[in-house]
Each structure stands twice: as C-alpha cells, then as structure tokens.
file model33.cif (mmCIF, C-alpha atoms and all ligand atoms)
data_final
loop_
_atom_site.group_PDB
_atom_site.id
_atom_site.type_symbol
_atom_site.label_atom_id
_atom_site.label_comp_id
_atom_site.auth_asym_id
_atom_site.auth_seq_id
_atom_site.Cartn_x
_atom_site.Cartn_y
_atom_site.Cartn_z
ATOM 1 C CA MET A 1293 -33.995 -19.935 -23.928
ATOM 2 C CA LYS A 1294 -34.945 -17.047 -21.717
ATOM 3 C CA SER A 1295 -34.032 -18.932 -18.576
ATOM 4 C CA PHE A 1296 -30.750 -19.999 -20.189
ATOM 5 C CA LYS A 1297 -29.903 -16.351 -20.809
ATOM 6 C CA TRP A 1298 -30.749 -15.550 -17.234
ATOM 7 C CA ALA A 1299 -28.618 -18.386 -15.980
ATOM 8 C CA LEU A 1300 -25.790 -17.170 -18.210
ATOM 9 C CA ALA A 1301 -26.156 -13.596 -16.972
ATOM 10 C CA LEU A 1302 -26.206 -14.841 -13.406
ATOM 11 C CA GLY A 1303 -23.156 -16.991 -14.038
ATOM 12 C CA VAL A 1304 -21.214 -14.082 -15.510
ATOM 13 C CA GLY A 1305 -22.343 -11.904 -12.620
ATOM 14 C CA LEU A 1306 -21.088 -14.443 -10.108
ATOM 15 C CA ALA A 1307 -17.826 -14.908 -11.960
ATOM 16 C CA ILE A 1308 -17.234 -11.152 -11.862
ATOM 17 C CA THR A 1309 -18.073 -10.959 -8.165
ATOM 18 C CA GLN A 1310 -15.781 -13.852 -7.439
ATOM 19 C CA THR A 1311 -12.833 -12.490 -9.364
ATOM 20 C CA SER A 1312 -13.257 -9.195 -7.585
ATOM 21 C CA TRP A 1313 -12.864 -11.099 -4.299
ATOM 22 C CA ALA A 1314 -10.049 -13.364 -5.389
ATOM 23 C CA GLN A 1315 -8.120 -10.465 -6.854
ATOM 24 C CA PHE A 1316 -5.051 -12.475 -7.735
ATOM 25 C CA LYS A 1317 -4.331 -15.290 -10.121
ATOM 26 C CA ASN A 1318 -2.468 -17.031 -7.289
ATOM 27 C CA ASP A 1319 -0.506 -16.253 -4.126
ATOM 28 C CA GLU A 1320 2.760 -15.659 -6.035
ATOM 29 C CA GLU A 1321 1.023 -12.840 -7.823
ATOM 30 C CA ALA A 1322 -0.234 -11.432 -4.508
ATOM 31 C CA VAL A 1323 3.347 -11.359 -3.177
ATOM 32 C CA LYS A 1324 4.632 -9.653 -6.340
ATOM 33 C CA TYR A 1325 1.787 -7.202 -6.154
ATOM 34 C CA ARG A 1326 2.417 -6.085 -2.576
ATOM 35 C CA GLN A 1327 6.197 -5.907 -3.109
ATOM 36 C CA GLY A 1328 5.689 -3.956 -6.324
ATOM 37 C CA VAL A 1329 3.442 -1.473 -4.569
ATOM 38 C CA PHE A 1330 5.964 -1.042 -1.752
ATOM 39 C CA THR A 1331 8.688 -0.439 -4.330
ATOM 40 C CA ALA A 1332 6.584 2.239 -6.020
ATOM 41 C CA ILE A 1333 5.849 3.833 -2.628
ATOM 42 C CA LYS A 1334 9.567 3.918 -1.894
ATOM 43 C CA VAL A 1335 10.364 5.623 -5.205
ATOM 44 C CA HIS A 1336 7.798 8.397 -4.772
ATOM 45 C CA TYR A 1337 8.431 8.820 -1.066
ATOM 46 C CA GLY A 1338 12.144 8.958 -1.887
ATOM 47 C CA ARG A 1339 11.569 11.732 -4.417
ATOM 48 C CA LEU A 1340 9.868 13.754 -1.712
ATOM 49 C CA GLY A 1341 12.727 12.888 0.621
ATOM 50 C CA ALA A 1342 15.249 14.376 -1.784
ATOM 51 C CA MET A 1343 13.318 17.667 -1.676
ATOM 52 C CA VAL A 1344 12.885 17.573 2.083
ATOM 53 C CA LYS A 1345 16.619 17.034 2.531
ATOM 54 C CA GLY A 1346 17.454 19.791 0.068
ATOM 55 C CA GLN A 1347 19.217 17.409 -2.348
ATOM 56 C CA VAL A 1348 17.009 18.693 -5.152
ATOM 57 C CA PRO A 1349 15.270 22.087 -5.344
ATOM 58 C CA PHE A 1350 11.795 22.242 -3.825
ATOM 59 C CA ASP A 1351 9.087 22.068 -6.473
ATOM 60 C CA ALA A 1352 5.617 22.406 -4.987
ATOM 61 C CA LYS A 1353 3.877 20.822 -7.954
ATOM 62 C CA LEU A 1354 6.148 17.761 -8.030
ATOM 63 C CA ALA A 1355 5.868 17.403 -4.267
ATOM 64 C CA GLN A 1356 2.117 17.415 -4.559
ATOM 65 C CA ASN A 1357 2.181 14.769 -7.294
ATOM 66 C CA ASP A 1358 4.462 12.479 -5.332
ATOM 67 C CA ALA A 1359 2.450 12.934 -2.137
ATOM 68 C CA GLN A 1360 -0.684 12.070 -4.066
ATOM 69 C CA VAL A 1361 0.842 8.904 -5.493
ATOM 70 C CA VAL A 1362 2.117 7.827 -2.067
ATOM 71 C CA GLN A 1363 -1.279 8.450 -0.543
ATOM 72 C CA VAL A 1364 -3.132 6.400 -3.154
ATOM 73 C CA LEU A 1365 -0.580 3.579 -3.047
ATOM 74 C CA SER A 1366 -0.653 3.376 0.742
ATOM 75 C CA ALA A 1367 -4.124 1.829 0.517
ATOM 76 C CA LEU A 1368 -2.951 -1.038 -1.682
ATOM 77 C CA PRO A 1369 -0.250 -3.384 -0.361
ATOM 78 C CA TRP A 1370 -2.489 -4.925 2.311
ATOM 79 C CA MET A 1371 -4.713 -6.931 0.023
ATOM 80 C CA GLY A 1372 -1.581 -8.670 -1.224
ATOM 81 C CA PHE A 1373 -1.106 -10.300 2.193
ATOM 82 C CA THR A 1374 -3.421 -13.172 1.297
ATOM 83 C CA GLU A 1375 -3.906 -16.135 3.614
ATOM 84 C CA GLY A 1376 -2.123 -18.505 1.249
ATOM 85 C CA SER A 1377 0.909 -16.240 0.828
ATOM 86 C CA GLU A 1378 2.123 -16.682 4.389
ATOM 87 C CA GLY A 1379 5.696 -17.927 4.302
ATOM 88 C CA MET A 1380 6.185 -17.114 0.616
ATOM 89 C CA SER A 1381 8.431 -14.112 1.219
ATOM 90 C CA GLU A 1382 11.317 -14.321 3.655
ATOM 91 C CA HIS A 1383 10.747 -10.635 4.384
ATOM 92 C CA ALA A 1384 7.155 -10.961 5.540
ATOM 93 C CA LYS A 1385 7.115 -12.232 9.129
ATOM 94 C CA ALA A 1386 4.583 -14.796 10.331
ATOM 95 C CA GLU A 1387 3.373 -12.172 12.849
ATOM 96 C CA ILE A 1388 1.483 -10.482 9.999
ATOM 97 C CA TRP A 1389 -0.927 -13.403 9.971
ATOM 98 C CA MET A 1390 -0.794 -13.982 13.748
ATOM 99 C CA GLU A 1391 -1.393 -10.387 14.821
ATOM 100 C CA LYS A 1392 -3.736 -9.230 12.109
ATOM 101 C CA ASP A 1393 -5.263 -6.391 14.124
ATOM 102 C CA LYS A 1394 -1.896 -4.918 14.930
ATOM 103 C CA PHE A 1395 -0.761 -5.197 11.311
ATOM 104 C CA GLN A 1396 -4.022 -3.616 10.192
ATOM 105 C CA GLN A 1397 -3.463 -0.750 12.633
ATOM 106 C CA GLY A 1398 -0.032 -0.163 11.134
ATOM 107 C CA ALA A 1399 -1.578 -0.059 7.666
ATOM 108 C CA GLN A 1400 -4.200 2.445 8.843
ATOM 109 C CA ALA A 1401 -1.588 4.580 10.559
ATOM 110 C CA LEU A 1402 0.331 4.808 7.295
ATOM 111 C CA GLN A 1403 -2.788 5.810 5.378
ATOM 112 C CA SER A 1404 -3.649 8.499 7.887
ATOM 113 C CA LYS A 1405 -0.086 9.895 7.823
ATOM 114 C CA THR A 1406 0.056 9.888 4.029
ATOM 115 C CA ALA A 1407 -3.242 11.804 3.979
ATOM 116 C CA ASP A 1408 -1.598 14.408 6.251
ATOM 117 C CA LEU A 1409 1.401 14.468 3.933
ATOM 118 C CA LEU A 1410 -0.823 15.151 0.949
ATOM 119 C CA LYS A 1411 -2.511 18.022 2.817
ATOM 120 C CA ALA A 1412 0.874 19.454 3.693
ATOM 121 C CA ALA A 1413 2.027 19.133 0.071
ATOM 122 C CA GLN A 1414 -1.129 20.889 -1.085
ATOM 123 C CA SER A 1415 -0.350 23.757 1.271
ATOM 124 C CA GLY A 1416 2.966 24.183 -0.543
ATOM 125 C CA ASN A 1417 4.685 24.879 2.772
ATOM 126 C CA LEU A 1418 8.004 23.052 2.904
ATOM 127 C CA ASP A 1419 8.205 23.106 6.711
ATOM 128 C CA GLN A 1420 4.837 21.426 6.972
ATOM 129 C CA ILE A 1421 5.882 18.916 4.334
ATOM 130 C CA LYS A 1422 9.028 18.119 6.314
ATOM 131 C CA LEU A 1423 7.013 17.388 9.452
ATOM 132 C CA ALA A 1424 4.464 15.244 7.653
ATOM 133 C CA PHE A 1425 7.216 13.465 5.720
ATOM 134 C CA GLY A 1426 8.896 12.516 9.005
ATOM 135 C CA ALA A 1427 5.637 11.194 10.448
ATOM 136 C CA VAL A 1428 5.115 8.952 7.411
ATOM 137 C CA GLY A 1429 8.669 7.637 7.780
ATOM 138 C CA LYS A 1430 7.940 6.734 11.392
ATOM 139 C CA SER A 1431 4.953 4.641 10.382
ATOM 140 C CA CYS A 1432 6.995 2.817 7.724
ATOM 141 C CA LYS A 1433 9.632 2.057 10.321
ATOM 142 C CA ALA A 1434 7.223 1.075 13.094
ATOM 143 C CA CYS A 1435 5.651 -1.562 10.887
ATOM 144 C CA HIS A 1436 8.945 -2.789 9.444
ATOM 145 C CA ASP A 1437 10.365 -3.195 12.958
ATOM 146 C CA ASN A 1438 7.494 -5.489 13.884
ATOM 147 C CA PHE A 1439 6.565 -7.258 10.691
ATOM 148 C CA LYS A 1440 9.382 -7.104 8.136
ATOM 149 C CA GLN A 1441 12.422 -9.368 8.219
HETATM 150 C C1 LIG A 1501 1.762 -2.049 8.129
HETATM 151 C C2 LIG A 1501 3.088 -2.480 7.734
HETATM 152 C C3 LIG A 1501 3.949 -1.727 6.773
HETATM 153 C C4 LIG A 1501 4.017 -0.372 6.552
HETATM 154 C C5 LIG A 1501 3.231 0.727 7.235
HETATM 155 C C6 LIG A 1501 5.026 -0.182 5.544
HETATM 156 N N1 LIG A 1501 5.561 -1.373 5.170
HETATM 157 FE FE1 LIG A 1501 7.010 -1.660 3.796
HETATM 158 N N2 LIG A 1501 6.854 -3.652 4.019
HETATM 159 C C7 LIG A 1501 6.071 -4.294 4.940
HETATM 160 C C8 LIG A 1501 6.242 -5.730 4.832
HETATM 161 C C9 LIG A 1501 5.569 -6.780 5.683
HETATM 162 C C10 LIG A 1501 7.158 -5.933 3.796
HETATM 163 C C11 LIG A 1501 7.667 -7.279 3.249
HETATM 164 C C12 LIG A 1501 6.763 -7.679 2.100
HETATM 165 C C13 LIG A 1501 7.148 -8.970 1.429
HETATM 166 O O1 LIG A 1501 8.340 -9.310 1.346
HETATM 167 O O2 LIG A 1501 6.249 -9.635 0.927
HETATM 168 C C14 LIG A 1501 7.515 -4.605 3.304
HETATM 169 C C15 LIG A 1501 8.406 -4.385 2.260
HETATM 170 C C16 LIG A 1501 8.808 -3.150 1.832
HETATM 171 C C17 LIG A 1501 9.766 -2.936 0.771
HETATM 172 C C18 LIG A 1501 10.494 -4.024 -0.032
HETATM 173 C C19 LIG A 1501 9.646 -4.431 -1.220
HETATM 174 C C20 LIG A 1501 10.274 -5.562 -2.017
HETATM 175 O O3 LIG A 1501 10.638 -5.352 -3.166
HETATM 176 O O4 LIG A 1501 10.396 -6.659 -1.475
HETATM 177 C C21 LIG A 1501 9.911 -1.578 0.642
HETATM 178 C C22 LIG A 1501 10.807 -0.837 -0.340
HETATM 179 C C23 LIG A 1501 9.030 -0.961 1.619
HETATM 180 N N3 LIG A 1501 8.376 -1.946 2.316
HETATM 181 C C24 LIG A 1501 8.901 0.394 1.794
HETATM 182 C C25 LIG A 1501 7.995 0.985 2.663
HETATM 183 C C26 LIG A 1501 7.850 2.415 2.832
HETATM 184 C C27 LIG A 1501 8.687 3.471 2.129
HETATM 185 C C28 LIG A 1501 6.847 2.595 3.734
HETATM 186 C C29 LIG A 1501 6.294 3.890 4.240
HETATM 187 C C30 LIG A 1501 6.015 4.945 3.307
HETATM 188 C C31 LIG A 1501 6.385 1.280 4.135
HETATM 189 N N4 LIG A 1501 7.116 0.332 3.475
HETATM 190 C C32 LIG A 1501 5.378 1.061 5.049
HETATM 191 C C33 LIG A 1501 5.224 -3.697 5.840
HETATM 192 C C34 LIG A 1501 4.934 -2.345 5.903
#

call {"tool": "encode", "arguments": {"input": "model33.cif", "output": "structure tokens", "more": "lines below"}}
Ligand code: HEC
result
Amino acid sequence: MKSFKWALALGVGLAITQTSWAQFKNDEEAVKYRQGVFTAIKVHYGRLGAMVKGQVPFDAKLAQNDAQVVQVLSALPWMGFTEGSEGMSEHAKAEIWMEKDKFQQGAQALQSKTADLLKAAQSGNLDQIKLAFGAVGKSCKACHDNFKQ
C-alpha cells in the first residue's frame, strides 16, 4: 500500500512536470496563444502610442500600467512557436523554425526594449517614454520584416 502511494505520488509528480513542459493541449492552442498574446501587446502598446502621439492626454499612471503589461507580455509569445505548429499560421514564416537563433535574438531584443520602456514610464518623463516607445516599435518591425508574412 505504501509503495502504491509512492508510485501514485511519483506518477502525479511526473504528470505535473510533463504538463508544465507540454504547455499546450495541442499546436492549434499554441498558435492561438501566441497570436492572442501579440494582440494584447498591440492593444497596450497602442494605448501608450496614443499618449506618445498626443492623441490622448498623458497620464503617468496609465502609461506605467501599460508599459508594465507590455513588458510582462513580451516574454510570452515565444513558447507558442512549438515545433508542431510550423506551417499552421500563414503569418508565421518558416524562417522562424529555420533560423531559431535569429528569431530568439529578436525576442530578446524586444524584452530588453520593453524593460527600458517600463523604466522610462516609471520615470514619468514623457520625452524618455517617447524614445523608449520608438525603440520598442523598431524591434517589433525588425522581427516582423524577417519572420512575419
Ligand atoms: C521576434 C519576433 C517578433 C517580435 C519582436 C514581435 N512580433 Fe509580432 N508577430 C511575430 C510573428 C512571427 C507573428 C505571426 C504569428 C502567427 O501568425 O502565428 C506576429 C504577429 C503579430 C500580430 C498579429 C497577431 C494575430 O492576431 O495574428 C500582432 C498584432 C503583432 N505581432 C504585434 C506585435 C507588436 C506590437 C510587437 C512589438 C511590441 C511585436 N509584434 C513584436 C513576431 C514578432
């Protein structure tokens, strides 16, 4: 009985470890996940953009919130590019899976620029935010030029 309980505990432990590796139910879900995260990034980055462009009044607190969300989200889309999901979205080029290091570098660049953006937002200085906002936009574009259809 004791060894059965151990085996059960071990089995549950393994199951948990395995689900934490295979994060998605299937590759469709991985595609939805990464696209959903990108959509959320766009919304919050866009809200900052409206402030940067003077379309809405600058609100330091809101800017900080949006920068925080963008920074957290910028760590996420990448795990949705699973091996099996290659070719499942017409917008995700095959180069993502062929030039993994380069894609990875683009992902890191975004995360580093969004960290700078958060720092700028925390400073409350709109000029600094504008600069950091532009740098983030460049990393979005650089990756899209290479890897997005
Ligand atoms: C390292 C590469 C990379 C970076 C950096 C990147 N993207 Fe993308 N993005 C992609 C790829 C690849 C797709 C296509 C994903 C797919 O269709 O599965 C995509 C798709 C999108 C989409 C469409 C999502 C949908 O519904 O299909 C939006 C919106 C988007 N990105 C916004 C952004 C914004 C805004 C940034 C910067 C803040 C950014 N991306 C940075 C690679 C990147």

call {"tool": "closest_residue", "arguments": {"input": "model33.cif", "among": "A:Cys1432, A:Ala1355, A:Ala1367, A:Val1329", "to": "Gly1341 in chain A", "atoms": "all atoms listed in the file"}}
result
A:Ala1355

call {"tool": "residues_near_ligand", "arguments": {"input": "model33.cif", "ligand": "ligand LIG 1501 (chain A)", "cutoff": "6 Å", "atoms": "only C-alpha atoms and all ligand atoms", "output": "count of residues only"}}
result
21

call {"tool": "closest_residue", "arguments": {"input": "model33.cif", "among": "A:Lys1385, A:Lys1405, A:Ala1342, A:Ser1377", "to": "Val1362 in chain A", "atoms": "only C-alpha atoms"}}
result
A:Lys1405

call {"tool": "closest_residue", "arguments": {"input": "model33.cif", "among": "A:Gly1379, A:Asp1419, A:Asn1438, A:Gln1356", "to": "Glu1391 in chain A", "atoms": "only C-alpha atoms"}}
result
A:Asn1438

call {"tool": "closest_residue", "arguments": {"input": "model33.cif", "among": "A:Leu1409, A:Ala1352, A:Ala1434, A:Leu1365", "to": "Ile1421 in chain A", "atoms": "all atoms listed in the file"}}
result
A:Leu1409

call {"tool": "resolve_selection", "arguments": {"input": "model33.cif", "expression": "the PyMOL selection byres (((chain A and resi 1418) around 10) and not hetatm)", "output": "number ranges by chain"}}
result
A: 1343-1344, 1350-1352, 1355, 1412-1413, 1415-1417, 1419-1424

call {"tool": "atom_distance", "arguments": {"input": "model33.cif", "atom1": "CA of Lys1345 in chain A", "atom2": "CA of Gly1426 in chain A"}}
result
11.0 Å

call {"tool": "closest_residue", "arguments": {"input": "model33.cif", "among": "A:Ala1401, A:Ile1388, A:Ala1322, A:Ala1332", "to": "Val1361 in chain A", "atoms": "only C-alpha atoms"}}
result
A:Ala1332

call {"tool": "atom_distance", "arguments": {"input": "model33.cif", "atom1": "CA of Ala1359 in chain A", "atom2": "CA of Tyr1337 in chain A"}}
result
7.3 Å

call {"tool": "atom_distance", "arguments": {"input": "model33.cif", "atom1": "CA of Lys1411 in chain A", "atom2": "CA of Arg1339 in chain A"}}
result
17.0 Å

call {"tool": "closest_residue", "arguments": {"input": "model33.cif", "among": "A:Met1371, A:Met1380, A:Ala1427, A:Ala1407", "to": "Phe1316 in chain A", "atoms": "only C-alpha atoms"}}
result
A:Met1371

call {"tool": "build_atoms", "arguments": {"input": "model33.cif", "residues": "range 1360-1371 of chain A", "atoms": "all heavy atoms", "output": "PDB file, keeping the file's coordinate frame"}}
result
ATOM      1  N   GLN A1360       0.575  12.669  -3.616  1.00  0.00           N
ATOM      2  CA  GLN A1360      -0.684  12.070  -4.066  1.00  0.00           C
ATOM      3  C   GLN A1360      -0.496  10.592  -4.399  1.00  0.00           C
ATOM      4  O   GLN A1360      -1.294   9.746  -3.991  1.00  0.00           O
ATOM      5  CB  GLN A1360      -1.159  12.803  -5.323  1.00  0.00           C
ATOM      6  CG  GLN A1360      -2.460  12.278  -5.886  1.00  0.00           C
ATOM      7  CD  GLN A1360      -3.558  13.302  -5.740  1.00  0.00           C
ATOM      8  OE1 GLN A1360      -3.361  14.463  -6.138  1.00  0.00           O
ATOM      9  NE2 GLN A1360      -4.659  12.911  -5.171  1.00  0.00           N
ATOM     10  N   VAL A1361       0.569  10.297  -5.120  1.00  0.00           N
ATOM     11  CA  VAL A1361       0.842   8.904  -5.493  1.00  0.00           C
ATOM     12  C   VAL A1361       1.052   8.062  -4.225  1.00  0.00           C
ATOM     13  O   VAL A1361       0.485   6.972  -4.086  1.00  0.00           O
ATOM     14  CB  VAL A1361       2.078   8.815  -6.429  1.00  0.00           C
ATOM     15  CG1 VAL A1361       2.467   7.363  -6.671  1.00  0.00           C
ATOM     16  CG2 VAL A1361       1.795   9.507  -7.758  1.00  0.00           C
ATOM     17  N   VAL A1362       1.850   8.575  -3.302  1.00  0.00           N
ATOM     18  CA  VAL A1362       2.117   7.827  -2.067  1.00  0.00           C
ATOM     19  C   VAL A1362       0.818   7.585  -1.305  1.00  0.00           C
ATOM     20  O   VAL A1362       0.572   6.484  -0.797  1.00  0.00           O
ATOM     21  CB  VAL A1362       3.139   8.592  -1.179  1.00  0.00           C
ATOM     22  CG1 VAL A1362       3.229   7.970   0.211  1.00  0.00           C
ATOM     23  CG2 VAL A1362       4.516   8.606  -1.838  1.00  0.00           C
ATOM     24  N   GLN A1363      -0.023   8.603  -1.287  1.00  0.00           N
ATOM     25  CA  GLN A1363      -1.279   8.450  -0.543  1.00  0.00           C
ATOM     26  C   GLN A1363      -2.180   7.375  -1.176  1.00  0.00           C
ATOM     27  O   GLN A1363      -2.710   6.508  -0.478  1.00  0.00           O
ATOM     28  CB  GLN A1363      -2.012   9.792  -0.483  1.00  0.00           C
ATOM     29  CG  GLN A1363      -2.978   9.879   0.682  1.00  0.00           C
ATOM     30  CD  GLN A1363      -4.413   9.866   0.228  1.00  0.00           C
ATOM     31  OE1 GLN A1363      -4.748  10.458  -0.789  1.00  0.00           O
ATOM     32  NE2 GLN A1363      -5.258   9.201   0.980  1.00  0.00           N
ATOM     33  N   VAL A1364      -2.299   7.407  -2.476  1.00  0.00           N
ATOM     34  CA  VAL A1364      -3.132   6.400  -3.154  1.00  0.00           C
ATOM     35  C   VAL A1364      -2.534   5.002  -2.952  1.00  0.00           C
ATOM     36  O   VAL A1364      -3.236   4.058  -2.594  1.00  0.00           O
ATOM     37  CB  VAL A1364      -3.274   6.720  -4.669  1.00  0.00           C
ATOM     38  CG1 VAL A1364      -3.934   5.569  -5.404  1.00  0.00           C
ATOM     39  CG2 VAL A1364      -4.080   8.006  -4.861  1.00  0.00           C
ATOM     40  N   LEU A1365      -1.220   4.898  -3.145  1.00  0.00           N
ATOM     41  CA  LEU A1365      -0.580   3.579  -3.047  1.00  0.00           C
ATOM     42  C   LEU A1365      -0.643   3.007  -1.637  1.00  0.00           C
ATOM     43  O   LEU A1365      -0.654   1.789  -1.465  1.00  0.00           O
ATOM     44  CB  LEU A1365       0.884   3.663  -3.500  1.00  0.00           C
ATOM     45  CG  LEU A1365       1.133   3.955  -4.984  1.00  0.00           C
ATOM     46  CD1 LEU A1365       2.639   4.015  -5.256  1.00  0.00           C
ATOM     47  CD2 LEU A1365       0.486   2.892  -5.882  1.00  0.00           C
ATOM     48  N   SER A1366      -0.703   3.887  -0.633  1.00  0.00           N
ATOM     49  CA  SER A1366      -0.653   3.376   0.742  1.00  0.00           C
ATOM     50  C   SER A1366      -1.910   2.580   1.109  1.00  0.00           C
ATOM     51  O   SER A1366      -1.940   1.888   2.117  1.00  0.00           O
ATOM     52  CB  SER A1366      -0.412   4.508   1.749  1.00  0.00           C
ATOM     53  OG  SER A1366      -1.541   5.351   1.819  1.00  0.00           O
ATOM     54  N   ALA A1367      -2.926   2.637   0.265  1.00  0.00           N
ATOM     55  CA  ALA A1367      -4.124   1.829   0.517  1.00  0.00           C
ATOM     56  C   ALA A1367      -3.989   0.426  -0.070  1.00  0.00           C
ATOM     57  O   ALA A1367      -4.828  -0.433   0.194  1.00  0.00           O
ATOM     58  CB  ALA A1367      -5.344   2.524  -0.089  1.00  0.00           C
ATOM     59  N   LEU A1368      -2.956   0.173  -0.857  1.00  0.00           N
ATOM     60  CA  LEU A1368      -2.951  -1.038  -1.682  1.00  0.00           C
ATOM     61  C   LEU A1368      -2.200  -2.285  -1.200  1.00  0.00           C
ATOM     62  O   LEU A1368      -2.679  -3.391  -1.444  1.00  0.00           O
ATOM     63  CB  LEU A1368      -2.437  -0.675  -3.092  1.00  0.00           C
ATOM     64  CG  LEU A1368      -3.229   0.413  -3.838  1.00  0.00           C
ATOM     65  CD1 LEU A1368      -2.625   0.630  -5.216  1.00  0.00           C
ATOM     66  CD2 LEU A1368      -4.699   0.054  -3.959  1.00  0.00           C
ATOM     67  N   PRO A1369      -1.039  -2.152  -0.559  1.00  0.00           N
ATOM     68  CA  PRO A1369      -0.250  -3.384  -0.361  1.00  0.00           C
ATOM     69  C   PRO A1369      -0.993  -4.458   0.424  1.00  0.00           C
ATOM     70  O   PRO A1369      -0.758  -5.642   0.223  1.00  0.00           O
ATOM     71  CB  PRO A1369       0.975  -2.919   0.448  1.00  0.00           C
ATOM     72  CG  PRO A1369       1.021  -1.449   0.312  1.00  0.00           C
ATOM     73  CD  PRO A1369      -0.377  -0.986   0.044  1.00  0.00           C
ATOM     74  N   TRP A1370      -1.874  -4.041   1.301  1.00  0.00           N
ATOM     75  CA  TRP A1370      -2.489  -4.925   2.311  1.00  0.00           C
ATOM     76  C   TRP A1370      -3.269  -6.067   1.712  1.00  0.00           C
ATOM     77  O   TRP A1370      -3.269  -7.169   2.224  1.00  0.00           O
ATOM     78  CB  TRP A1370      -3.319  -4.077   3.281  1.00  0.00           C
ATOM     79  CG  TRP A1370      -2.702  -2.716   3.435  1.00  0.00           C
ATOM     80  CD1 TRP A1370      -3.232  -1.513   3.112  1.00  0.00           C
ATOM     81  CD2 TRP A1370      -1.354  -2.424   3.885  1.00  0.00           C
ATOM     82  NE1 TRP A1370      -2.319  -0.511   3.317  1.00  0.00           N
ATOM     83  CE2 TRP A1370      -1.174  -1.029   3.793  1.00  0.00           C
ATOM     84  CE3 TRP A1370      -0.295  -3.210   4.352  1.00  0.00           C
ATOM     85  CZ2 TRP A1370       0.027  -0.399   4.152  1.00  0.00           C
ATOM     86  CZ3 TRP A1370       0.902  -2.586   4.696  1.00  0.00           C
ATOM     87  CH2 TRP A1370       1.047  -1.198   4.604  1.00  0.00           C
ATOM     88  N   MET A1371      -3.940  -5.831   0.596  1.00  0.00           N
ATOM     89  CA  MET A1371      -4.713  -6.931   0.023  1.00  0.00           C
ATOM     90  C   MET A1371      -3.809  -8.002  -0.587  1.00  0.00           C
ATOM     91  O   MET A1371      -4.253  -9.104  -0.878  1.00  0.00           O
ATOM     92  CB  MET A1371      -5.740  -6.415  -0.988  1.00  0.00           C
ATOM     93  CG  MET A1371      -5.174  -5.876  -2.261  1.00  0.00           C
ATOM     94  SD  MET A1371      -6.549  -5.522  -3.384  1.00  0.00           S
ATOM     95  CE  MET A1371      -5.868  -4.208  -4.363  1.00  0.00           C
TER      96      MET A1371
END
